[in-house]
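Text of final12.pdb (PDB, C-alpha atoms and all ligand atoms) as supplied:
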ATOM      1  CA  MET A   1      38.511  68.401 151.079
ATOM      2  CA  ALA A   2      40.399  66.138 148.724
ATOM      3  CA  VAL A   3      38.951  62.704 148.126
ATOM      4  CA  ALA A   4      41.778  60.434 149.242
ATOM      5  CA  ALA A   5      43.407  58.700 146.307
ATOM      6  CA  ASN A   6      42.376  55.077 146.268
ATOM      7  CA  VAL A   7      44.808  52.230 146.696
ATOM      8  CA  SER A   8      44.431  50.858 143.170
ATOM      9  CA  GLU A   9      45.408  54.224 141.659
ATOM     10  CA  ILE A  10      48.448  54.401 143.928
ATOM     11  CA  ASP A  11      49.363  50.809 143.009
ATOM     12  CA  HIS A  12      49.044  51.677 139.321
ATOM     13  CA  GLY A  13      51.371  54.647 139.858
ATOM     14  CA  ARG A  14      53.811  52.422 141.729
ATOM     15  CA  ASP A  15      53.837  49.859 138.906
ATOM     16  CA  ILE A  16      54.632  52.629 136.388
ATOM     17  CA  LEU A  17      57.505  53.943 138.523
ATOM     18  CA  ARG A  18      58.875  50.464 139.216
ATOM     19  CA  ASP A  19      58.972  49.657 135.475
ATOM     20  CA  SER A  20      60.264  53.086 134.446
ATOM     21  CA  ARG A  21      63.811  53.805 133.375
ATOM     22  CA  GLY A  22      64.119  57.502 134.012
ATOM     23  CA  VAL A  23      61.719  59.588 136.131
ATOM     24  CA  ILE A  24      61.434  63.358 136.251
ATOM     25  CA  VAL A  25      59.592  64.843 139.232
ATOM     26  CA  LEU A  26      58.091  68.304 138.573
ATOM     27  CA  THR A  27      56.867  70.132 141.664
ATOM     28  CA  GLY A  28      54.966  73.318 142.441
ATOM     29  CA  ALA A  29      53.740  75.376 145.357
ATOM     30  CA  GLY A  30      51.176  72.761 146.374
ATOM     31  CA  LEU A  31      54.008  70.502 147.524
ATOM     32  CA  SER A  32      54.904  73.015 150.243
ATOM     33  CA  VAL A  33      51.322  73.542 151.443
ATOM     34  CA  ASP A  34      51.821  70.616 153.813
ATOM     35  CA  SER A  35      54.801  72.529 155.226
ATOM     36  CA  GLY A  36      52.518  75.459 155.987
ATOM     37  CA  LEU A  37      53.342  77.616 152.943
ATOM     38  CA  MET A  38      50.801  79.214 150.596
ATOM     39  CA  THR A  39      50.189  78.514 146.939
ATOM     40  CA  PHE A  40      49.825  81.292 144.354
ATOM     41  CA  ARG A  41      46.456  80.581 142.804
ATOM     42  CA  GLY A  42      44.607  78.437 145.288
ATOM     43  CA  SER A  43      42.134  79.755 147.862
ATOM     44  CA  GLY A  44      44.044  82.143 150.114
ATOM     45  CA  GLY A  45      47.039  81.985 147.792
ATOM     46  CA  HIS A  46      49.627  84.724 147.459
ATOM     47  CA  TRP A  47      48.004  86.240 144.399
ATOM     48  CA  LYS A  48      44.741  86.801 146.307
ATOM     49  CA  LYS A  49      46.316  89.868 147.887
ATOM     50  CA  HIS A  50      48.280  91.086 144.890
ATOM     51  CA  ARG A  51      48.326  90.767 141.110
ATOM     52  CA  PRO A  52      51.383  88.922 139.773
ATOM     53  CA  GLU A  53      52.181  91.960 137.603
ATOM     54  CA  ASP A  54      52.407  94.105 140.762
ATOM     55  CA  LEU A  55      55.081  91.950 142.346
ATOM     56  CA  ALA A  56      56.817  89.339 140.219
ATOM     57  CA  THR A  57      58.083  91.368 137.239
ATOM     58  CA  PRO A  58      61.207  93.489 136.578
ATOM     59  CA  GLU A  59      58.897  96.463 135.952
ATOM     60  CA  ALA A  60      57.274  96.039 139.362
ATOM     61  CA  PHE A  61      60.690  95.923 141.010
ATOM     62  CA  HIS A  62      61.818  99.024 139.147
ATOM     63  CA  ARG A  63      58.578 100.799 140.131
ATOM     64  CA  ASP A  64      58.545  99.816 143.802
ATOM     65  CA  PRO A  65      61.471  97.637 144.973
ATOM     66  CA  ARG A  66      60.427  98.045 148.584
ATOM     67  CA  LEU A  67      56.960  96.497 147.992
ATOM     68  CA  VAL A  68      58.446  93.609 146.030
ATOM     69  CA  TRP A  69      61.040  92.936 148.724
ATOM     70  CA  GLU A  70      58.332  93.184 151.396
ATOM     71  CA  TRP A  71      56.397  90.414 149.642
ATOM     72  CA  TYR A  72      59.477  88.206 149.224
ATOM     73  CA  GLU A  73      60.661  88.813 152.779
ATOM     74  CA  GLU A  74      57.227  87.718 154.090
ATOM     75  CA  ARG A  75      57.626  84.487 152.098
ATOM     76  CA  ARG A  76      61.308  84.019 153.084
ATOM     77  CA  ARG A  77      60.446  84.323 156.771
ATOM     78  CA  ALA A  78      57.570  81.859 156.439
ATOM     79  CA  ALA A  79      59.770  79.387 154.554
ATOM     80  CA  ALA A  80      62.630  79.798 157.052
ATOM     81  CA  LYS A  81      60.263  78.611 159.815
ATOM     82  CA  SER A  82      58.937  75.669 157.791
ATOM     83  CA  ARG A  83      60.300  72.161 157.446
ATOM     84  CA  PRO A  84      60.255  69.706 154.573
ATOM     85  CA  ASN A  85      57.117  67.560 154.786
ATOM     86  CA  ASP A  86      56.747  63.818 154.185
ATOM     87  CA  ALA A  87      56.372  64.389 150.455
ATOM     88  CA  HIS A  88      59.626  66.384 150.194
ATOM     89  CA  ARG A  89      61.345  63.632 152.170
ATOM     90  CA  ALA A  90      59.885  60.804 150.066
ATOM     91  CA  ILE A  91      60.953  62.547 146.837
ATOM     92  CA  ALA A  92      64.487  63.178 148.155
ATOM     93  CA  GLU A  93      64.913  59.564 149.296
ATOM     94  CA  PHE A  94      63.511  58.251 145.994
ATOM     95  CA  ALA A  95      66.077  60.337 144.073
ATOM     96  CA  LEU A  96      68.884  59.181 146.363
ATOM     97  CA  ARG A  97      67.999  55.484 146.098
ATOM     98  CA  ARG A  98      67.755  55.453 142.306
ATOM     99  CA  ASP A  99      70.248  56.904 139.845
ATOM    100  CA  ASP A 100      67.704  57.814 137.164
ATOM    101  CA  VAL A 101      65.521  60.386 138.947
ATOM    102  CA  VAL A 102      65.699  64.148 138.371
ATOM    103  CA  ILE A 103      63.773  66.682 140.447
ATOM    104  CA  ALA A 104      62.716  69.939 138.773
ATOM    105  CA  THR A 105      60.935  72.459 140.956
ATOM    106  CA  GLN A 106      59.119  75.732 140.351
ATOM    107  CA  ASN A 107      59.401  76.447 144.063
ATOM    108  CA  VAL A 108      61.915  78.954 145.414
ATOM    109  CA  ASP A 109      61.501  77.983 149.084
ATOM    110  CA  GLY A 110      64.555  75.729 149.363
ATOM    111  CA  LEU A 111      62.615  72.849 150.967
ATOM    112  CA  HIS A 112      63.739  70.237 148.427
ATOM    113  CA  THR A 113      67.372  71.109 149.180
ATOM    114  CA  LEU A 114      66.757  70.885 152.921
ATOM    115  CA  ALA A 115      65.032  67.518 152.498
ATOM    116  CA  ALA A 116      68.003  66.237 150.477
ATOM    117  CA  ARG A 117      70.452  67.404 153.119
ATOM    118  CA  GLU A 118      68.415  65.840 155.933
ATOM    119  CA  ALA A 119      68.120  62.548 154.046
ATOM    120  CA  VAL A 120      71.875  62.289 153.864
ATOM    121  CA  MET A 121      72.922  63.934 157.130
ATOM    122  CA  GLY A 122      69.907  63.340 159.371
ATOM    123  CA  ASP A 123      67.813  66.257 160.577
ATOM    124  CA  LYS A 124      68.432  68.496 163.576
ATOM    125  CA  TYR A 125      66.522  66.078 165.781
ATOM    126  CA  SER A 126      68.028  62.772 164.785
ATOM    127  CA  LYS A 127      71.471  62.778 163.294
ATOM    128  CA  GLN A 128      70.596  59.480 161.614
ATOM    129  CA  PRO A 129      70.774  59.583 157.765
ATOM    130  CA  ARG A 130      67.626  58.164 156.234
ATOM    131  CA  VAL A 131      69.309  56.779 153.155
ATOM    132  CA  SER A 132      72.467  54.681 153.342
ATOM    133  CA  PHE A 133      74.639  54.708 150.280
ATOM    134  CA  THR A 134      75.592  51.169 149.327
ATOM    135  CA  ASP A 135      76.614  52.270 145.842
ATOM    136  CA  GLY A 136      78.510  55.339 147.036
ATOM    137  CA  GLY A 137      75.650  57.330 145.578
ATOM    138  CA  ASP A 138      75.890  61.055 145.042
ATOM    139  CA  ALA A 139      73.964  63.113 147.624
ATOM    140  CA  ASN A 140      73.559  65.799 144.970
ATOM    141  CA  ARG A 141      71.157  63.529 143.097
ATOM    142  CA  ALA A 142      68.345  64.766 145.347
ATOM    143  CA  LEU A 143      69.120  68.445 144.742
ATOM    144  CA  PRO A 144      66.482  69.949 142.444
ATOM    145  CA  LEU A 145      66.789  71.888 139.234
ATOM    146  CA  GLU A 146      65.435  75.191 140.569
ATOM    147  CA  LEU A 147      63.607  76.376 137.467
ATOM    148  CA  HIS A 148      62.550  79.670 139.054
ATOM    149  CA  GLY A 149      65.654  80.226 141.200
ATOM    150  CA  THR A 150      65.663  80.619 144.967
ATOM    151  CA  PHE A 151      64.721  83.524 147.163
ATOM    152  CA  TYR A 152      67.644  82.726 149.470
ATOM    153  CA  ASN A 153      70.004  84.217 146.856
ATOM    154  CA  VAL A 154      70.163  87.881 145.897
ATOM    155  CA  ARG A 155      71.499  89.309 142.629
ATOM    156  CA  CYS A 156      72.832  92.786 141.825
ATOM    157  CA  THR A 157      70.591  94.741 139.452
ATOM    158  CA  SER A 158      73.686  96.337 137.890
ATOM    159  CA  CYS A 159      76.744  94.091 137.891
ATOM    160  CA  GLY A 160      74.961  90.756 138.324
ATOM    161  CA  LEU A 161      76.896  89.762 141.468
ATOM    162  CA  CYS A 162      74.953  86.878 143.046
ATOM    163  CA  ARG A 163      75.286  85.612 146.612
ATOM    164  CA  GLU A 164      73.369  83.759 149.272
ATOM    165  CA  HIS A 165      71.464  85.985 151.698
ATOM    166  CA  ARG A 166      69.592  84.267 154.503
ATOM    167  CA  ASP A 167      69.650  87.109 157.019
ATOM    168  CA  LEU A 168      66.422  88.995 157.715
ATOM    169  CA  ILE A 169      65.940  91.923 155.344
ATOM    170  CA  ASP A 170      64.719  95.281 156.686
ATOM    171  CA  VAL A 171      62.112  96.278 154.119
ATOM    172  CA  SER A 172      61.141  99.519 155.859
ATOM    173  CA  SER A 173      62.804 101.713 153.216
ATOM    174  CA  LYS A 174      64.655 101.449 149.909
ATOM    175  CA  GLU A 175      67.878 102.352 151.732
ATOM    176  CA  THR A 176      67.608  99.349 154.066
ATOM    177  CA  LEU A 177      67.136  96.864 151.205
ATOM    178  CA  PRO A 178      70.204  94.737 150.284
ATOM    179  CA  HIS A 179      72.786  96.564 148.183
ATOM    180  CA  CYS A 180      75.717  95.188 146.214
ATOM    181  CA  ASP A 181      79.050  94.875 148.041
ATOM    182  CA  ASP A 182      80.851  95.484 144.761
ATOM    183  CA  CYS A 183      79.043  98.360 143.088
ATOM    184  CA  GLY A 184      76.524  99.556 145.663
ATOM    185  CA  SER A 185      73.457  98.979 143.444
ATOM    186  CA  LEU A 186      70.209  97.475 144.696
ATOM    187  CA  MET A 187      70.054  93.682 144.962
ATOM    188  CA  ARG A 188      66.959  91.735 143.835
ATOM    189  CA  PRO A 189      65.736  88.241 144.707
ATOM    190  CA  ASP A 190      67.563  85.734 142.492
ATOM    191  CA  VAL A 191      64.302  84.332 141.138
ATOM    192  CA  VAL A 192      62.746  84.243 137.671
ATOM    193  CA  TRP A 193      59.982  86.822 137.149
ATOM    194  CA  PHE A 194      57.225  86.859 134.573
ATOM    195  CA  GLY A 195      58.697  87.693 131.194
ATOM    196  CA  GLU A 196      62.220  86.647 132.159
ATOM    197  CA  PRO A 197      64.089  83.727 130.586
ATOM    198  CA  LEU A 198      64.768  80.628 132.704
ATOM    199  CA  GLY A 199      68.189  80.085 131.153
ATOM    200  CA  VAL A 200      69.962  76.758 130.806
ATOM    201  CA  VAL A 201      68.182  75.130 133.722
ATOM    202  CA  ILE A 202      64.992  74.679 131.679
ATOM    203  CA  GLU A 203      66.960  73.177 128.787
ATOM    204  CA  ARG A 204      68.464  70.683 131.247
ATOM    205  CA  ALA A 205      64.974  69.870 132.563
ATOM    206  CA  PHE A 206      63.577  69.401 129.043
ATOM    207  CA  ASP A 207      66.529  67.167 128.157
ATOM    208  CA  CYS A 208      65.941  64.993 131.247
ATOM    209  CA  ALA A 209      62.189  64.963 130.564
ATOM    210  CA  SER A 210      62.710  63.802 126.971
ATOM    211  CA  ARG A 211      64.755  60.848 128.263
ATOM    212  CA  SER A 212      62.353  59.952 131.078
ATOM    213  CA  ASP A 213      59.551  57.494 130.570
ATOM    214  CA  ALA A 214      57.622  58.777 133.575
ATOM    215  CA  CYS A 215      56.903  62.281 134.895
ATOM    216  CA  LEU A 216      55.519  62.688 138.399
ATOM    217  CA  ILE A 217      53.902  66.130 138.844
ATOM    218  CA  VAL A 218      53.171  67.201 142.397
ATOM    219  CA  GLY A 219      51.308  70.321 143.521
ATOM    220  CA  THR A 220      51.324  72.482 140.429
ATOM    221  CA  SER A 221      48.455  74.096 138.557
ATOM    222  CA  ALA A 222      50.573  73.720 135.397
ATOM    223  CA  VAL A 223      49.564  77.185 134.162
ATOM    224  CA  VAL A 224      53.020  78.785 134.034
ATOM    225  CA  GLN A 225      55.214  78.124 131.029
ATOM    226  CA  PRO A 226      57.780  76.950 130.175
ATOM    227  CA  ALA A 227      58.055  75.023 133.464
ATOM    228  CA  ALA A 228      54.741  73.215 133.047
ATOM    229  CA  ASN A 229      55.898  72.009 129.653
ATOM    230  CA  VAL A 230      58.392  69.658 131.299
ATOM    231  CA  ALA A 231      55.594  67.116 131.755
ATOM    232  CA  MET A 232      54.471  67.539 128.132
ATOM    233  CA  VAL A 233      58.004  66.815 126.902
ATOM    234  CA  THR A 234      57.930  63.430 128.658
ATOM    235  CA  HIS A 235      54.397  62.805 127.353
ATOM    236  CA  GLN A 236      55.341  63.690 123.769
ATOM    237  CA  ALA A 237      58.366  61.400 124.002
ATOM    238  CA  GLY A 238      56.002  58.533 124.810
ATOM    239  CA  GLY A 239      56.330  58.666 128.589
ATOM    240  CA  VAL A 240      53.466  58.671 131.094
ATOM    241  CA  ILE A 241      52.403  61.339 133.584
ATOM    242  CA  ILE A 242      51.370  60.695 137.183
ATOM    243  CA  GLU A 243      49.721  63.639 138.935
ATOM    244  CA  VAL A 244      49.326  64.342 142.661
ATOM    245  CA  ASN A 245      46.947  67.221 143.261
ATOM    246  CA  PRO A 246      43.717  67.589 145.244
ATOM    247  CA  ASN A 247      42.314  69.410 142.199
ATOM    248  CA  GLU A 248      42.223  68.796 138.457
ATOM    249  CA  THR A 249      44.749  70.712 136.373
ATOM    250  CA  LEU A 250      45.385  71.507 132.723
ATOM    251  CA  LEU A 251      47.524  68.367 132.572
ATOM    252  CA  THR A 252      44.957  66.013 134.102
ATOM    253  CA  PRO A 253      43.601  64.860 130.706
ATOM    254  CA  MET A 254      47.129  63.699 129.752
ATOM    255  CA  CYS A 255      47.735  61.851 133.034
ATOM    256  CA  GLU A 256      47.820  58.050 133.187
ATOM    257  CA  VAL A 257      47.255  58.320 136.954
ATOM    258  CA  SER A 258      45.770  61.277 138.850
ATOM    259  CA  LEU A 259      45.890  61.010 142.639
ATOM    260  CA  ARG A 260      43.293  63.425 144.017
ATOM    261  CA  ASP A 261      44.989  63.918 147.338
ATOM    262  CA  THR A 262      47.496  66.114 149.109
ATOM    263  CA  ALA A 263      51.202  65.626 148.496
ATOM    264  CA  ALA A 264      51.944  64.578 152.073
ATOM    265  CA  MET A 265      49.245  61.880 151.900
ATOM    266  CA  ALA A 266      49.782  60.499 148.389
ATOM    267  CA  VAL A 267      53.517  60.842 147.652
ATOM    268  CA  PRO A 268      55.022  58.727 150.476
ATOM    269  CA  PRO A 269      52.999  55.557 149.639
ATOM    270  CA  LEU A 270      53.722  56.136 145.952
ATOM    271  CA  LEU A 271      57.509  56.250 146.431
ATOM    272  CA  THR A 272      58.226  53.415 148.888
ATOM    273  CA  PRO A 273      61.568  51.608 148.338
ATOM    274  CA  ASP A 274      59.918  48.699 146.488
ATOM    275  CA  VAL A 275      59.304  50.975 143.470
ATOM    276  CA  ASP A 276      63.030  51.403 142.955
ATOM    277  CA  GLY A 277      62.906  48.974 140.077
TER     278      GLY A 277
HETATM  279  N1  LIG B 301      49.204  68.974 147.970
HETATM  280  C1  LIG B 301      49.362  68.976 146.616
HETATM  281  N2  LIG B 301      48.895  69.946 145.797
HETATM  282  C2  LIG B 301      48.215  70.960 146.389
HETATM  283  C3  LIG B 301      47.996  71.036 147.778
HETATM  284  C4  LIG B 301      48.523  69.979 148.574
HETATM  285  N3  LIG B 301      48.351  69.968 149.914
HETATM  286  N4  LIG B 301      47.276  72.167 148.039
HETATM  287  C5  LIG B 301      47.079  72.776 146.850
HETATM  288  N5  LIG B 301      47.633  72.051 145.861
HETATM  289  C6  LIG B 301      47.656  72.340 144.417
HETATM  290  C7  LIG B 301      46.565  73.248 143.922
HETATM  291  O1  LIG B 301      45.421  72.479 143.566
HETATM  292  C8  LIG B 301      47.224  73.879 142.685
HETATM  293  O2  LIG B 301      46.943  73.105 141.525
HETATM  294  O3  LIG B 301      48.855  73.055 144.173
HETATM  295  C9  LIG B 301      48.706  73.828 142.980
HETATM  296  C10 LIG B 301      49.337  75.180 143.222
HETATM  297  O4  LIG B 301      49.229  75.907 142.022
HETATM  298  P1  LIG B 301      49.860  77.386 141.947
HETATM  299  O5  LIG B 301      49.449  78.165 143.146
HETATM  300  O6  LIG B 301      49.543  77.909 140.580
HETATM  301  O7  LIG B 301      51.430  77.157 142.091
HETATM  302  P2  LIG B 301      52.431  76.679 140.966
HETATM  303  O8  LIG B 301      51.779  75.738 140.010
HETATM  304  O9  LIG B 301      53.649  76.220 141.654
HETATM  305  O10 LIG B 301      52.755  78.067 140.214
HETATM  306  C11 LIG B 301      53.753  78.017 139.223
HETATM  307  O11 LIG B 301      53.685  80.414 139.038
HETATM  308  O12 LIG B 301      53.492  82.353 140.177
HETATM  309  C12 LIG B 301      54.378  81.575 139.506
HETATM  310  O13 LIG B 301      56.683  81.430 139.895
HETATM  311  C13 LIG B 301      55.451  81.120 140.457
HETATM  312  O14 LIG B 301      56.506  78.963 140.584
HETATM  313  C14 LIG B 301      55.251  79.618 140.528
HETATM  314  C15 LIG B 301      54.521  79.304 139.235
HETATM  315 ZN    ZN B 302      76.795  95.167 141.775
END
Structure rendered as structure tokens:
Amino acid sequence: MAVAANVSEIDHGRDILRDSRGVIVLTGAGLSVDSGLMTFRGSGGHWKKHRPEDLATPEAFHRDPRLVWEWYEERRRAAAKSRPNDAHRAIAEFALRRDDVVIATQNVDGLHTLAAREAVMGDKYSKQPRVSFTDGGDANRALPLELHGTFYNVRCTSCGLCREHRDLIDVSSKETLPHCDDCGSLMRPDVVWFGEPLGVVIERAFDCASRSDACLIVGTSAVVQPAANVAMVTHQAGGVIIEVNPNETLLTPMCEVSLRDTAAMAVPPLLTPDVDG
């Protein structure tokens, strides 16, 4: 069980954020654990049942598209039933209140986007927005750079047609998997697999990171490149790293503050409105 982060560490993190001019928030699967979703490498994580090479590579999809879609559909259905947790909400509201915060996520579960929408529109329970825009702020500020894509979009393996697909997918046979409306070829999840390039989104994240003087990393083991390098770009540009993770990571030695706690416990007190600078 995580040792709860102590108040002085959280206060130190708050001081850094309050004084910062430019914050990039890098998140990983651990952020969504408090929404009931699994991580990849932790105890009970997704990879416990499969090897990454068997599922999250173009070769794996070519070899057995049904198995790969079965794995993604299991995760899509779990994510569709989950809700943003207090950490997603705190990050969204932080990005909406300030105009110098960028969110970059490795997650493909769409929970950051849902948290942003709920912050502006209210959630399905209370139609009350949680952030009022005095400055006419842009609701899109809380939408993340999705470094690894989203499994709510599908992309044609032949012509590249990409579209949203939130309906349940019948993974019982290759024939029942999603096929392209234009050319009839098989559609794949619109996510980034091992060995695939991240495209311009990572360049945008590195650019933001190089101009940020603080990087908040939440719930990532920081083992997958180039995404994990976002924090290093801020660090190498002279910025400081604040980490929220119940466990140590590869980046811990570079962190100015490491909060050994869960995201839902440590992020909300770290991002209260008085750190808006
Ligand atoms: N709150 C915060 N962090 C948590 C929590 C929690 N409640 N529970 C676990 N964690 C931490 C773990 O200690 C671990 O360091 O979340 C991290 C999850 O690490 P990974 O499972 O490796 O997930 P992530 O870092 O997002 O993986 C990066 O690898 O498989 C690819 O594309 C996939 O985007 C993924 C990438
Ligand atoms: Zn097509």
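The residue that comes closest to ligand ZN 302 (chain B), out of A:Gly42, A:Gly36, A:Pro226, A:Gly160 and on the basis of all atoms listed in the file, is A:Gly160.
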Protein and nucleic residues near ligand ZN 302 (chain B), 12 Å, all atoms listed in the file, as an NGL selection string | :A and (154-163 or 178-188)
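Once the PyMOL selection byres (((chain A and resi 72-84) around 8) and not hetatm) is applied to this file, the selection holds Ser32, Ser35, Gly36, Leu37, Val68, Trp69, Glu70, Trp71, Asn85, Asp86, Ala87, His88, Arg89, Asp109, Gly110, Leu111, His112, Leu114, Ala115, Phe151, Tyr152, Leu168, Ile169, Val171 and Pro189 of chain A.
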Selected residues written out with C-alpha atoms, as a compact mmCIF listing (two decimals), in the frame of the given file:
# COMPACT_ATOMS: atom_id res chain seq x y z
CA SER A 32 54.90 73.02 150.24
CA SER A 35 54.80 72.53 155.23
CA GLY A 36 52.52 75.46 155.99
CA LEU A 37 53.34 77.62 152.94
CA VAL A 68 58.45 93.61 146.03
CA TRP A 69 61.04 92.94 148.72
CA GLU A 70 58.33 93.18 151.40
CA TRP A 71 56.40 90.41 149.64
CA ASN A 85 57.12 67.56 154.79
CA ASP A 86 56.75 63.82 154.18
CA ALA A 87 56.37 64.39 150.46
CA HIS A 88 59.63 66.38 150.19
CA ARG A 89 61.34 63.63 152.17
CA ASP A 109 61.50 77.98 149.08
CA GLY A 110 64.56 75.73 149.36
CA LEU A 111 62.62 72.85 150.97
CA HIS A 112 63.74 70.24 148.43
CA LEU A 114 66.76 70.89 152.92
CA ALA A 115 65.03 67.52 152.50
CA PHE A 151 64.72 83.52 147.16
CA TYR A 152 67.64 82.73 149.47
CA LEU A 168 66.42 89.00 157.72
CA ILE A 169 65.94 91.92 155.34
CA VAL A 171 62.11 96.28 154.12
CA PRO A 189 65.74 88.24 144.71
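Distance annotation: of A:Glu164, A:Asp64, A:Glu59, A:Asp261, the residue with the minimal separation from ligand LIG 301 (chain B) is A:Asp261; atom set is only C-alpha atoms and all ligand atoms.
Between CA of Ala205 in chain A and CA of Ile91 in chain A the interatomic distance comes to 16.5 Å.
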Taking the file above as input, evaluate the PyMOL selection byres (((not hetatm)) within 9 of (chain B and resi 301)) and report the hits as JSON, numbers by chain.
-> {"A": [2, 27, 28, 29, 30, 31, 32, 33, 34, 35, 38, 39, 40, 41, 42, 43, 45, 46, 47, 52, 56, 87, 105, 106, 107, 108, 147, 148, 191, 192, 193, 194, 218, 219, 220, 221, 222, 223, 224, 225, 227, 228, 244, 245, 246, 247, 248, 249, 260, 261, 262, 263, 264, 265, 266]}
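The point (63.0, 49.5, 146.4) has these residues within 9 Å of it, counting all atoms listed in the file: A:Arg18, A:Phe94, A:Arg97, A:Arg98, A:Leu271, A:Thr272, A:Pro273, A:Asp274, A:Val275, A:Asp276, A:Gly277.
Note that the spacing between CA of Glu203 in chain A and CA of Pro253 in chain A amounts to 24.9 Å.
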To one decimal in Å, tell me the separation between CA of Ala237 in chain A and CA of Leu216 in chain A.
-> 14.7 Å
Best match for closeness to Gly195 in chain A among A:Met254, A:Ile10, A:Ala60, A:Leu259, counting only C-alpha atoms = A:Ala60
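Nearest to Arg66 in chain A of all the residues A:Ile217, A:Val240, A:Ala231, A:Leu177 is A:Leu177, counting all atoms listed in the file.
Nearest residue to His165 in chain A, choosing from A:Ser258, A:Leu250, A:Cys208, A:Asn153 and counting all atoms listed in the file: A:Asn153.
Among the candidates A:His50, A:Asp213, A:Val7, A:Thr57, the residue lying nearest to Glu196 in chain A is A:Thr57 (atoms considered: only C-alpha atoms).
The residues returned by the PyMOL selection byres (((chain A and resi 145) around 8) and not hetatm) on the shown structure are Val102, Ile103, Ala104, Thr105, Leu143, Pro144, Glu146, Leu147, Val201 and Ala205 of chain A.
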Can you pull range 222-241 of chain A out of that block with C-alpha atoms and hand it back as a short mmCIF file (atom, residue, chain, number, x, y, z; two decimals), in the first residue's frame?
data_model
loop_
_atom_site.label_atom_id
_atom_site.label_comp_id
_atom_site.auth_asym_id
_atom_site.auth_seq_id
_atom_site.Cartn_x
_atom_site.Cartn_y
_atom_site.Cartn_z
CA ALA A 222 8.38 5.87 -17.75
CA VAL A 223 9.75 2.80 -19.56
CA VAL A 224 8.25 3.44 -23.00
CA GLN A 225 9.99 5.85 -25.33
CA PRO A 226 9.68 8.39 -26.78
CA ALA A 227 6.71 9.36 -24.57
CA ALA A 228 8.66 9.09 -21.31
CA ASN A 229 11.24 11.46 -22.73
CA VAL A 230 8.78 14.35 -22.47
CA ALA A 231 9.75 14.76 -18.81
CA MET A 232 13.47 14.62 -19.67
CA VAL A 233 13.04 17.42 -22.22
CA THR A 234 11.68 19.71 -19.49
CA HIS A 235 14.45 18.57 -17.12
CA GLN A 236 17.19 19.18 -19.70
CA ALA A 237 15.75 22.63 -20.40
CA GLY A 238 16.23 23.46 -16.72
CA GLY A 239 12.70 22.68 -15.57
CA VAL A 240 11.73 20.54 -12.58
CA ILE A 241 9.84 17.25 -12.44
#
